[in-house]
Structure formats: structure tokens, C-alpha cells
$ cat work-v9.txt   # compact mmCIF, C-alpha atoms
# COMPACT_ATOMS: atom_id res chain seq x y z
CA MET Y 1 77.47 93.40 75.08
CA ASN Y 2 77.32 97.07 74.06
CA LYS Y 3 80.70 98.76 74.41
CA PRO Y 4 80.89 101.89 76.64
CA LEU Y 5 80.42 105.29 75.07
CA ALA Y 6 84.03 106.24 75.75
CA TYR Y 7 85.16 103.20 73.73
CA ARG Y 8 82.79 103.92 70.85
CA MET Y 9 83.78 107.58 70.65
CA ARG Y 10 87.51 106.94 70.32
CA PRO Y 11 88.88 109.07 67.47
CA LYS Y 12 89.49 107.16 64.24
CA THR Y 13 92.17 109.54 62.98
CA ILE Y 14 94.75 111.83 64.50
CA ASP Y 15 92.76 114.93 63.47
CA ASN Y 16 89.83 113.96 65.72
CA ILE Y 17 91.72 113.74 69.01
CA VAL Y 18 90.43 115.94 71.82
CA GLY Y 19 93.15 118.08 73.36
CA GLN Y 20 96.88 117.23 73.50
CA THR Y 21 97.54 119.79 70.79
CA HIS Y 22 101.15 120.11 71.99
CA LEU Y 23 101.65 116.60 70.57
CA VAL Y 24 98.96 116.01 67.92
CA GLY Y 25 98.21 119.53 66.71
CA GLU Y 26 99.18 120.37 63.16
CA GLY Y 27 102.94 120.50 62.82
CA LYS Y 28 103.57 118.91 66.24
CA ILE Y 29 105.70 115.83 66.77
CA ILE Y 30 103.11 113.01 66.73
CA TRP Y 31 101.16 114.73 63.94
CA ARG Y 32 104.36 114.85 61.84
CA MET Y 33 105.19 111.22 62.56
CA VAL Y 34 101.73 110.11 61.45
CA LYS Y 35 101.61 112.27 58.32
CA ALA Y 36 105.03 110.99 57.25
CA LYS Y 37 104.24 107.42 58.32
CA GLN Y 38 107.54 107.45 60.18
CA LEU Y 39 106.38 105.99 63.46
CA SER Y 40 108.65 105.19 66.34
CA SER Y 41 107.81 103.54 69.62
CA MET Y 42 106.63 105.94 72.29
CA ILE Y 43 105.53 106.09 75.90
CA LEU Y 44 102.52 108.25 76.74
CA TYR Y 45 102.10 109.15 80.36
CA GLY Y 46 99.63 111.21 82.32
CA PRO Y 47 96.48 110.90 84.45
CA PRO Y 48 93.73 108.39 83.53
CA GLY Y 49 91.17 109.14 80.84
CA ILE Y 50 92.95 111.95 78.99
CA GLY Y 51 93.65 110.29 75.66
CA LYS Y 52 96.51 107.78 75.81
CA THR Y 53 94.43 105.00 74.25
CA SER Y 54 92.75 107.45 71.89
CA ILE Y 55 96.09 108.63 70.51
CA ALA Y 56 97.25 105.04 69.94
CA SER Y 57 93.98 104.15 68.22
CA ALA Y 58 94.08 107.31 66.09
CA ILE Y 59 97.68 106.67 65.05
CA ALA Y 60 96.72 103.20 63.85
CA GLY Y 61 93.63 104.54 62.09
CA SER Y 62 95.53 107.34 60.36
CA THR Y 63 98.32 105.05 59.14
CA GLN Y 64 96.09 102.04 58.35
CA TYR Y 65 98.34 99.83 60.45
CA ALA Y 66 96.85 96.95 62.43
CA PHE Y 67 96.09 97.96 66.02
CA ARG Y 68 96.21 95.66 69.00
CA MET Y 69 95.76 96.36 72.73
CA LEU Y 70 97.35 94.44 75.57
CA ASN Y 71 97.93 95.03 79.27
CA ALA Y 72 101.47 94.53 80.58
CA ALA Y 73 100.18 93.41 83.97
CA THR Y 74 97.45 90.95 83.00
CA ASP Y 75 98.25 89.65 79.51
CA LYS Y 76 100.73 86.83 79.09
CA LYS Y 77 103.87 86.49 77.01
CA LYS Y 78 101.82 84.23 74.73
CA ASP Y 79 99.61 87.21 73.86
CA LEU Y 80 102.69 89.18 72.81
CA GLU Y 81 103.82 86.24 70.67
CA ILE Y 82 100.48 86.27 68.82
CA VAL Y 83 100.87 89.99 68.03
CA VAL Y 84 104.43 89.44 66.79
CA GLU Y 85 103.34 86.58 64.54
CA GLU Y 86 100.65 88.81 63.08
CA ALA Y 87 103.26 91.51 62.43
CA LYS Y 88 105.51 88.99 60.66
CA MET Y 89 102.67 88.00 58.33
CA SER Y 90 100.94 91.32 57.67
CA GLY Y 91 103.54 93.99 58.36
CA THR Y 92 103.75 96.65 61.06
CA VAL Y 93 101.43 96.37 64.05
CA VAL Y 94 100.76 99.26 66.43
CA LEU Y 95 100.65 97.74 69.90
CA LEU Y 96 99.13 99.72 72.73
CA LEU Y 97 100.56 98.25 75.91
CA ASP Y 98 98.67 99.59 78.90
CA GLU Y 99 100.40 99.76 82.30
CA VAL Y 100 103.71 99.47 80.49
CA HIS Y 101 105.54 100.19 83.75
CA ARG Y 102 104.52 96.70 84.89
CA LEU Y 103 106.19 94.91 81.97
CA ASP Y 104 108.24 92.08 83.48
CA LYS Y 105 111.67 91.00 82.23
CA PRO Y 106 110.63 87.90 80.20
CA LYS Y 107 108.05 89.92 78.26
CA GLN Y 108 110.48 92.79 77.87
CA ASP Y 109 113.27 90.54 76.57
CA PHE Y 110 110.87 88.99 74.07
CA LEU Y 111 109.60 92.35 72.85
CA LEU Y 112 112.86 94.29 72.47
CA PRO Y 113 114.15 92.75 69.20
CA HIS Y 114 110.79 93.34 67.53
CA LEU Y 115 110.90 96.99 68.54
CA GLU Y 116 114.41 97.19 67.10
CA ASN Y 117 113.41 95.82 63.68
CA GLY Y 118 110.24 97.95 63.51
CA ARG Y 119 107.72 95.12 63.25
CA ILE Y 120 106.07 96.37 66.42
CA VAL Y 121 105.43 100.05 67.06
CA LEU Y 122 104.99 100.12 70.81
CA ILE Y 123 102.78 102.75 72.35
CA GLY Y 124 103.19 102.29 76.07
CA ALA Y 125 100.57 103.92 78.30
CA THR Y 126 101.17 104.66 81.95
CA THR Y 127 100.01 106.94 84.75
CA GLU Y 128 103.46 106.66 86.37
CA ASN Y 129 106.53 108.76 85.72
CA PRO Y 130 108.38 106.71 83.08
CA TYR Y 131 111.76 108.10 84.09
CA ILE Y 132 111.28 106.41 87.44
CA SER Y 133 109.07 103.39 86.79
CA ILE Y 134 109.99 102.06 83.33
CA HIS Y 135 113.05 99.94 82.65
CA PRO Y 136 115.85 101.81 80.84
CA ALA Y 137 115.92 99.20 78.06
CA ILE Y 138 112.37 100.15 77.07
CA ARG Y 139 112.89 103.88 77.67
CA SER Y 140 115.92 103.98 75.40
CA ARG Y 141 113.89 102.57 72.49
CA ALA Y 142 110.93 104.90 72.87
CA GLN Y 143 110.19 108.61 72.81
CA ILE Y 144 108.49 109.83 75.96
CA PHE Y 145 105.52 112.19 75.74
CA GLU Y 146 103.62 113.68 78.66
CA LEU Y 147 99.87 114.16 78.18
CA LYS Y 148 98.02 116.97 79.93
CA PRO Y 149 94.61 116.86 81.67
CA LEU Y 150 91.88 118.12 79.36
CA ALA Y 151 90.38 121.55 79.87
CA GLU Y 152 86.68 121.90 80.70
CA ASP Y 153 85.82 123.34 77.30
CA GLN Y 154 87.55 120.42 75.57
CA ILE Y 155 85.53 117.90 77.57
CA ILE Y 156 82.28 119.80 76.95
CA SER Y 157 83.04 119.80 73.22
CA ALA Y 158 83.58 116.03 73.27
CA LEU Y 159 80.35 115.50 75.23
CA ASN Y 160 78.40 117.59 72.71
CA ARG Y 161 79.91 115.55 69.91
CA ALA Y 162 78.78 112.34 71.63
CA LEU Y 163 75.25 113.73 72.04
CA THR Y 164 74.92 114.41 68.31
CA ASP Y 165 76.75 111.35 66.92
CA GLU Y 166 74.04 108.93 65.74
CA GLU Y 167 76.40 106.13 64.74
CA ASP Y 168 78.66 105.75 67.78
CA GLY Y 169 77.23 108.24 70.27
CA LEU Y 170 73.86 109.13 71.74
CA GLY Y 171 72.43 111.01 68.75
CA SER Y 172 69.56 108.56 68.29
CA TYR Y 173 68.10 109.55 71.68
CA SER Y 174 65.88 112.57 72.23
CA ILE Y 175 67.81 114.31 75.00
CA ALA Y 176 67.40 117.61 76.81
CA ILE Y 177 70.36 118.68 78.92
CA GLU Y 178 69.71 121.28 81.61
CA LYS Y 179 72.01 124.30 81.81
CA ASN Y 180 75.48 123.72 83.29
CA VAL Y 181 75.11 119.92 83.41
CA LEU Y 182 77.82 119.34 80.82
CA ALA Y 183 80.04 121.81 82.66
CA TYR Y 184 79.43 119.82 85.84
CA PHE Y 185 80.47 116.57 84.11
CA ALA Y 186 83.61 118.28 82.81
CA ARG Y 187 84.53 119.85 86.15
CA ALA Y 188 83.73 116.93 88.43
CA THR Y 189 85.78 114.45 86.43
CA GLN Y 190 88.95 116.56 86.78
CA GLY Y 191 90.00 116.34 83.12
CA ASP Y 192 89.11 112.65 82.68
CA LEU Y 193 87.14 112.47 79.44
CA ARG Y 194 86.51 108.74 79.74
CA SER Y 195 84.76 109.20 83.08
CA ALA Y 196 82.72 112.11 81.73
CA LEU Y 197 81.55 110.18 78.64
CA ASN Y 198 80.60 107.07 80.57
CA ALA Y 199 78.77 109.11 83.21
CA LEU Y 200 76.82 110.91 80.49
CA GLU Y 201 75.83 107.61 78.90
CA LEU Y 202 74.69 106.24 82.25
CA ALA Y 203 72.61 109.37 82.83
CA VAL Y 204 70.92 109.06 79.43
CA LYS Y 205 70.26 105.33 79.53
CA SER Y 206 69.06 105.24 83.14
CA THR Y 207 66.61 108.14 82.82
CA GLU Y 208 63.06 107.52 81.61
CA ALA Y 209 61.64 109.80 78.94
CA ASP Y 210 59.01 112.31 80.01
CA SER Y 211 55.50 112.58 78.56
CA SER Y 212 56.84 114.31 75.45
CA GLY Y 213 59.40 111.57 74.83
CA LYS Y 214 62.38 113.63 76.01
CA ILE Y 215 65.11 112.30 78.27
CA VAL Y 216 65.81 115.23 80.57
CA ILE Y 217 69.20 115.22 82.26
CA THR Y 218 69.24 117.42 85.36
CA LYS Y 219 72.11 118.37 87.65
CA GLU Y 220 70.71 115.94 90.25
CA THR Y 221 70.71 113.11 87.68
CA ALA Y 222 74.29 113.94 86.72
CA GLU Y 223 75.41 113.90 90.35
CA GLU Y 224 73.80 110.49 90.90
CA CYS Y 225 75.26 108.98 87.74
CA LEU Y 226 78.77 110.31 88.04
CA GLN Y 227 80.76 107.81 90.03
CA ARG Y 228 82.74 110.31 92.02
CA LYS Y 229 86.31 110.27 90.84
CA ALA Y 230 89.13 110.12 93.39
CA LEU Y 231 90.90 113.19 92.03
CA SER Y 232 93.17 111.45 89.56
CA HIS Y 233 95.13 110.50 92.64
CA ASP Y 234 96.65 107.11 93.31
CA LYS Y 235 99.10 106.49 96.10
CA ASP Y 236 101.96 105.49 93.81
CA GLY Y 237 101.42 107.82 90.87
CA ASP Y 238 102.66 111.27 89.92
CA ALA Y 239 99.44 112.99 91.01
CA HIS Y 240 100.03 111.84 94.58
CA TYR Y 241 103.54 113.25 94.79
CA ASN Y 242 102.69 116.39 92.83
CA ALA Y 243 99.85 117.25 95.23
CA ILE Y 244 102.11 116.75 98.24
CA SER Y 245 104.85 118.86 96.66
CA ALA Y 246 102.43 121.66 95.77
CA PHE Y 247 100.97 121.52 99.29
CA GLN Y 248 104.30 122.15 101.00
CA LYS Y 249 105.45 124.73 98.45
CA SER Y 250 102.20 126.67 98.85
CA ILE Y 251 102.68 126.81 102.63
CA ARG Y 252 106.33 127.82 102.17
CA GLY Y 253 105.21 130.53 99.75
CA SER Y 254 102.58 131.84 102.21
CA ASP Y 255 99.69 131.27 99.76
CA VAL Y 256 96.94 130.25 102.15
CA HIS Y 257 94.34 129.74 99.40
CA ALA Y 258 96.53 127.39 97.36
CA ALA Y 259 97.60 125.46 100.47
CA LEU Y 260 93.97 124.91 101.47
CA HIS Y 261 93.18 123.76 97.94
CA TYR Y 262 95.91 121.11 97.98
CA LEU Y 263 94.94 120.16 101.53
CA ALA Y 264 91.40 119.57 100.24
CA ARG Y 265 92.75 117.35 97.45
CA LEU Y 266 94.67 115.24 99.91
CA ILE Y 267 91.68 115.06 102.26
CA GLU Y 268 89.43 113.90 99.42
CA ALA Y 269 91.98 111.21 98.60
CA GLY Y 270 91.87 110.04 102.25
CA GLU Y 271 95.57 110.76 102.82
CA LEU Y 272 95.45 111.57 106.54
CA LYS Y 273 98.82 110.02 107.41
CA VAL Y 274 100.49 111.74 104.46
CA ILE Y 275 99.00 115.11 105.44
CA ILE Y 276 100.10 114.76 109.06
CA ARG Y 277 103.65 113.79 108.15
CA ARG Y 278 103.97 116.57 105.59
CA LEU Y 279 102.55 119.19 107.97
CA ILE Y 280 105.03 118.32 110.71
CA VAL Y 281 107.97 118.23 108.30
CA THR Y 282 106.92 121.56 106.78
CA ALA Y 283 106.46 123.14 110.19
CA TYR Y 284 110.02 122.37 111.24
CA GLU Y 285 111.57 122.90 107.79
CA ASP Y 286 109.88 126.11 106.66
CA ILE Y 287 108.49 127.78 109.80
CA GLY Y 288 111.16 126.57 112.19
CA LEU Y 289 112.75 129.03 114.53
CA ALA Y 290 110.72 131.92 113.20
CA ASN Y 291 107.72 130.68 115.18
CA PRO Y 292 108.52 127.77 117.56
CA ALA Y 293 105.17 128.14 119.34
CA GLY Y 294 103.41 127.83 115.98
CA VAL Y 295 105.40 124.70 115.19
CA ALA Y 296 104.26 123.22 118.51
CA ARG Y 297 100.64 124.06 117.65
CA VAL Y 298 101.03 122.27 114.30
CA VAL Y 299 102.20 119.14 116.08
CA THR Y 300 99.25 119.39 118.47
CA ALA Y 301 96.84 119.84 115.56
CA ALA Y 302 98.36 116.87 113.75
CA GLU Y 303 97.98 114.69 116.84
CA ALA Y 304 94.35 115.81 117.23
CA ALA Y 305 93.62 115.06 113.57
CA GLU Y 306 95.11 111.59 113.92
CA LYS Y 307 93.00 110.86 117.00
CA ILE Y 308 89.65 112.01 115.62
CA GLY Y 309 90.08 110.95 111.98
CA PHE Y 310 88.07 112.16 108.99
CA PRO Y 311 85.81 114.00 108.46
CA GLU Y 312 86.42 116.07 111.61
CA ALA Y 313 90.20 115.93 111.17
CA ARG Y 314 89.86 118.56 108.45
CA ILE Y 315 89.23 121.19 111.16
CA PRO Y 316 92.53 121.04 113.10
CA LEU Y 317 94.35 120.48 109.80
CA ALA Y 318 92.86 123.67 108.34
CA ASN Y 319 93.77 125.58 111.53
CA ALA Y 320 97.37 124.42 111.23
CA VAL Y 321 97.66 125.16 107.50
CA ILE Y 322 96.27 128.69 107.83
CA GLU Y 323 98.63 129.57 110.67
CA MET Y 324 101.61 128.05 108.86
CA CYS Y 325 100.90 130.02 105.69
CA LEU Y 326 100.62 133.33 107.51
CA SER Y 327 103.46 132.69 109.96
CA PRO Y 328 106.96 134.17 109.65
CA LYS Y 329 109.23 131.72 107.84
CA SER Y 330 112.75 130.53 108.53
CA ASN Y 331 114.77 127.65 107.12
CA SER Y 332 117.84 128.53 109.18
CA ALA Y 333 117.75 125.27 111.16
CA ILE Y 334 117.57 122.93 108.16
CA SER Y 335 120.20 125.01 106.35
CA ALA Y 336 122.49 124.76 109.37
CA ILE Y 337 122.21 121.00 109.81
CA ASP Y 338 122.50 120.35 106.06
CA ALA Y 339 125.68 122.43 105.92
CA ALA Y 340 127.13 120.47 108.85
CA LEU Y 341 126.12 117.16 107.28
CA SER Y 342 127.69 118.18 103.98
CA ASP Y 343 131.02 118.81 105.72
CA VAL Y 344 130.88 115.50 107.58
CA ARG Y 345 129.98 113.54 104.44
CA ASN Y 346 132.81 115.21 102.52
CA GLY Y 347 135.34 114.24 105.16
CA LEU Y 348 135.70 117.71 106.63
CA SER Y 349 135.94 116.70 110.25
CA GLY Y 350 138.86 116.32 112.63
CA ASP Y 351 139.71 115.00 116.06
CA VAL Y 352 137.57 116.04 119.01
CA PRO Y 353 139.59 118.55 121.11
CA ASP Y 354 141.25 116.81 124.07
CA HIS Y 355 139.47 118.90 126.70
CA LEU Y 356 136.08 117.72 125.33
CA LYS Y 357 136.90 114.02 125.22
CA ASP Y 358 135.23 111.59 127.59
CA ALA Y 359 137.07 111.45 130.93
CA HIS Y 360 134.81 108.97 132.73
CA TYR Y 361 137.17 106.01 132.67
CA SER Y 362 140.42 104.96 134.32
CA GLY Y 363 143.49 106.22 132.48
CA ALA Y 364 141.71 109.07 130.71
CA GLU Y 365 143.94 111.62 132.39
CA LYS Y 366 147.10 109.87 131.15
CA LEU Y 367 145.74 110.25 127.61
CA GLY Y 368 145.00 113.92 128.17
CA SER Y 369 141.27 113.42 127.83
CA GLY Y 370 139.11 116.01 129.58
CA ILE Y 371 142.04 118.03 130.87
CA GLY Y 372 141.43 121.76 130.71
CA TYR Y 373 137.68 121.55 130.21
CA GLN Y 374 135.89 124.51 131.77
CA TYR Y 375 132.40 123.91 133.16
CA PRO Y 376 130.19 126.75 131.84
CA HIS Y 377 127.84 126.72 134.84
CA ASN Y 378 130.71 127.78 137.08
CA HIS Y 379 130.98 131.10 135.24
CA ASP Y 380 128.96 134.29 134.82
CA ASP Y 381 126.02 133.93 132.44
CA HIS Y 382 126.75 130.19 132.55
CA TRP Y 383 129.12 130.68 129.63
CA ILE Y 384 132.89 130.57 129.12
CA LYS Y 385 134.80 130.97 125.90
CA GLN Y 386 136.55 127.77 124.86
CA GLN Y 387 137.06 125.80 121.65
CA TYR Y 388 134.48 123.13 120.82
CA LEU Y 389 135.04 122.41 117.11
CA PRO Y 390 138.03 120.32 115.95
CA ASP Y 391 141.18 122.30 115.08
CA THR Y 392 140.73 121.66 111.35
CA ILE Y 393 137.37 123.43 111.25
CA LYS Y 394 137.50 125.59 114.36
CA ASN Y 395 136.33 128.71 112.49
CA LYS Y 396 133.38 127.04 110.73
CA ARG Y 397 129.96 128.66 111.10
CA TYR Y 398 126.80 126.74 110.23
CA TYR Y 399 123.86 128.58 111.78
CA SER Y 400 122.88 131.88 110.21
CA PRO Y 401 119.75 133.37 111.85
CA ALA Y 402 116.92 134.60 109.66
CA ALA Y 403 115.68 138.01 110.80
CA THR Y 404 112.01 137.23 110.22
CA SER Y 405 110.67 137.13 113.78
CA LYS Y 406 111.26 138.39 117.31
CA PHE Y 407 112.26 134.90 118.42
CA GLU Y 408 115.02 134.44 115.87
CA ASN Y 409 116.15 138.02 116.30
CA ALA Y 410 116.62 137.15 119.99
CA LEU Y 411 118.66 134.09 118.98
CA ASN Y 412 120.74 136.30 116.72
CA SER Y 413 121.35 138.74 119.55
CA GLN Y 414 122.52 135.93 121.84
CA LEU Y 415 124.75 134.51 119.12
CA SER Y 416 126.31 137.91 118.50
CA LYS Y 417 126.97 138.34 122.21
CA PHE Y 418 128.86 135.04 122.40
CA ASN Y 419 130.79 135.78 119.19
CA ASN Y 420 131.94 139.16 120.53
CA LYS Y 421 133.22 137.94 123.90
$ encode --input "work-v9.txt" --output "C-alpha cells"
Amino acid sequence: MNKPLAYRMRPKTIDNIVGQTHLVGEGKIIWRMVKAKQLSSMILYGPPGIGKTSIASAIAGSTQYAFRMLNAATDKKKDLEIVVEEAKMSGTVVLLLDEVHRLDKPKQDFLLPHLENGRIVLIGATTENPYISIHPAIRSRAQIFELKPLAEDQIISALNRALTDEEDGLGSYSIAIEKNVLAYFARATQGDLRSALNALELAVKSTEADSSGKIVITKETAEECLQRKALSHDKDGDAHYNAISAFQKSIRGSDVHAALHYLARLIEAGELKVIIRRLIVTAYEDIGLANPAGVARVVTAAEAAEKIGFPEARIPLANAVIEMCLSPKSNSAISAIDAALSDVRNGLSGDVPDHLKDAHYSGAEKLGSGIGYQYPHNHDDHWIKQQYLPDTIKNKRYYSPAATSKFENALNSQLSKFNNK
């Protein structure tokens, strides 16, 4: 069976890698390791299709070491044993271990001594944050390198190379590419070169030649052949958490355009529950007392979105996001409760004042509980000055109003009135 274009176009040496110049560019760390043939095990992490396998393959090709590929999730310990035996007989083997974050303990324990003695140069590939998902025993024996999504011009360059390569690419075909089609492939695949290459090959091989013998690839053909990529976004990977983080920070920073962009990403990924939860949290955390009515509208919009579902849910969600971005902001409530929690967790507490203690039981009076309590509703303004905090922290102040809206200014005025009585 013919191997996919992305497989055939893998770079054979380190100098042919597309992108990742911060690692493989001349004078950079992986480039230096390869040129000196001083390889150490490494973990490459980043979104799918941006060059993790290509770098491993190119390292092996540049150093002339044997290159083997396994998957930590699906291949067995026996497969690792075969690679180790090969390394014992022929020397160093570069082992690309895909989904390295799923390496179980028996496989890990078997592999570790061979990493130590240098027989196996492990190149672990993962879309997950290795500092969270990979066992420390593996992390401590490997350098960790983050790969970046490829830029559009880098993907277009790789596609052009594939179109002219007669040995491994599509150079033997007579192809006419309409304007902006390659740019569409590059943009729609969100930096995933593998998806772009395989979509291009599908477009070429599934399109009949015209009367002049040309295979004409139009924008419509490209759209049909590109299996629409789910935004480099899986529910357990970095992209998921990064999009959520950027979403909330854009709202907090009042950038309505950025917030709508990240909302669109999450909508495309089908993350309705995640969006709803994050909107409500953000409303109370970052809008808070600056706009309580706006917070209530966010909750209403979130409930509406949950009831109607996608695609219509995008409408109330967009309404909520726009208002949140352009609303006054205040984090005074979360700051207040976090300060109080910090004191409690650090043991800064004290006994409840006697006059506040529960007096609804026989014998409470003998213990002094509830004696001297003054009922605020019996006084003017339904307020009377008395101590509520324990003696040890009676002068503590947790809530500090943010003067960003009429509502919180009113709260500040009321607080000042009580403080001055």
C-alpha cells in the first residue's frame, strides 16, 4: 500500500526540517547535538502534525543511526525488547516513542537502564504537557523541547516542495493549483503540516485531469478534500486548557475581539459545558460587584445556551461575552474571600465572641453564650456597632471596594458610613 504523502515527505536530514528553527536552526540545541553526534534522550511536545516525528527521523538520518518507531500506548514490552536487542548488536538506536505520556511502569522500568547506558536514544513525542503527564523518572533522563505550530508560509513552502518532488512527492503529476488554494490548506489546518500534505494528496489523486491533461485543484476541491481539523484541540491536551485560559484572560482584559475569537475556538471544538462554566466563573470573578446585573444576565445567557444547544447557543454566548468584555471590572469579592481563606488556613482565627454564640439551647446563658447581643433591627438604620470578629483579629479588613462602577461606589459609601460610626 502506498504510504501517505506526509510520510514520504519526511525530512531525511536535520537541514530539511520545516520550521522549529528555535531548536533545529543552525547553532541551536538540536542542530548542535546532531552535528556533534552527542545525542541525548529528549521529549518533544506540541500540537499534532508540526514535526515531532520529522525531527526524530531527521536526527536518525543525519547521524546514520538506526531509527525505530513505537507507540507507548499500543506497542507491547516485547516490541521494546526487540529494539533493545537490535541496539546491543548494531549500536545506538534512535527510538521514537509516540504518546510517551502513556508509557506504563513495566515498559518504563525496562527502558530506563538502556537510556542510562546510551544504547537507546529516546525521542518521546507527546501532545500533552510533559511536566504534568510524564513520569519524573523519564523526565529526569530527557531534555524537554516544546515545538511550535508552523506558520502559513512554512506550510505553503512544504506544499510547494511536495508538488515539485518527483521521487517522494507529487512532481510526476501535471497539476494546476488555483490562486490561494495552498494558503487555504495552510490556514485551515491550523499549523498541522501532516494534515495539509495529506489533504493536498487527496485533492490531487481524487481529481480527474481535464481535456489538456491537467489536474486542476480549485478552492472547492480543497474544501471537499480537507477533512476539517478540530482546531488542534483535544479535551485533555494543552490546547484545550490554553484556549480556556486565553478566553477568560481576554474577557478580564476587556478585549472583545480576542474573547470572541477564543469563544469561536471553543464552540468549534463543541465545548458547550466548558464555555458555560467558564463564563459563569469569569462573571463572578472578574466582573463581580462592578456590574451585578450584568453577572445575572451572563447566568441567564448560559442557561439559555445550555437549553438550546449548538448551533444556536452561540448567540446568547456571544451576547454574554461582549457585555462582559465591555463591562466595568472588579475582583474585590474574590480578593476578599481569598484573603479570609488565607487567614483561616494559616490558623489566624480565634474564638467566636460570646455575644454571637448560639443561645438556642438549655444552659447557654450559664456559659455566657448570646449574652449582650444587640439585635440590629431594633435600632436606627437597622444597624448597631458591635464586635463580630474574634478578639485576635478584630481589626482585620478583607473587603476593599473597587471604584469602577456606581454600584460598588455605593457599597464603598455604605462601608465608610459603618466604619465612621
$ closest_residue --input "work-v9.txt" --among "Y:Arg314, Y:Lys329, Y:Lys307, Y:Lys78" --to "Ala283 of chain Y" --atoms "all atoms listed in the file"
Y:Lys329
$ residues_around --input "work-v9.txt" --residues "Lys273 of chain Y" --least-positions-apart "3" --cutoff "10 Å" --atoms "all atoms listed in the file" --output "list in words"
Gly270, Ile276, Arg277, Arg278, Leu279, Ala302, Ala305, Glu306 and Gly309 of chain Y
$ atom_distance --input "work-v9.txt" --atom1 "atom CA of Asn160 of chain Y" --atom2 "atom CA of Ile123 of chain Y"
28.5 Å
$ residues_around --input "work-v9.txt" --residues "Ile50 of chain Y" --least-positions-apart "5" --cutoff "9 Å" --atoms "only C-alpha atoms" --output "JSON, numbers by chain"
{"Y": [18, 19, 20, 147, 148, 149, 150, 191, 192, 193, 194]}
$ residues_around --input "work-v9.txt" --residues "segment 81-95 of chain Y" --least-positions-apart "2" --cutoff "12 Å" --atoms "only C-alpha atoms" --output "PyMOL selection string"
chain Y and resi 34+37-43+53+55-72+75-79+97-98+100+106-115+117-125
$ closest_residue --input "work-v9.txt" --among "Y:Ala359, Y:Glu26, Y:Asp165, Y:Phe145" --to "Lys52 of chain Y" --atoms "only C-alpha atoms"
Y:Phe145
$ residues_around --input "work-v9.txt" --residues "Glu220 of chain Y" --least-positions-apart "4" --cutoff "12 Å" --atoms "only C-alpha atoms" --output "ChimeraX atom specification"
/Y:177-181,184-185,203,207,216,224-226
$ atom_distance --input "work-v9.txt" --atom1 "atom CA of Leu5 of chain Y" --atom2 "atom CA of Glu167 of chain Y"
11.1 Å
$ closest_residue --input "work-v9.txt" --among "Y:Asn242, Y:Asn331, Y:Asn319, Y:Thr126" --to "Leu44 of chain Y" --atoms "only C-alpha atoms"
Y:Thr126
$ atom_distance --input "work-v9.txt" --atom1 "atom CA of Ser54 of chain Y" --atom2 "atom CA of Arg8 of chain Y"
10.6 Å
$ residues_around --input "work-v9.txt" --residues "segment 410-413 of chain Y" --least-positions-apart "6" --cutoff "10 Å" --atoms "all atoms listed in the file" --output "ChimeraX atom specification"
/Y:289,399-403,419
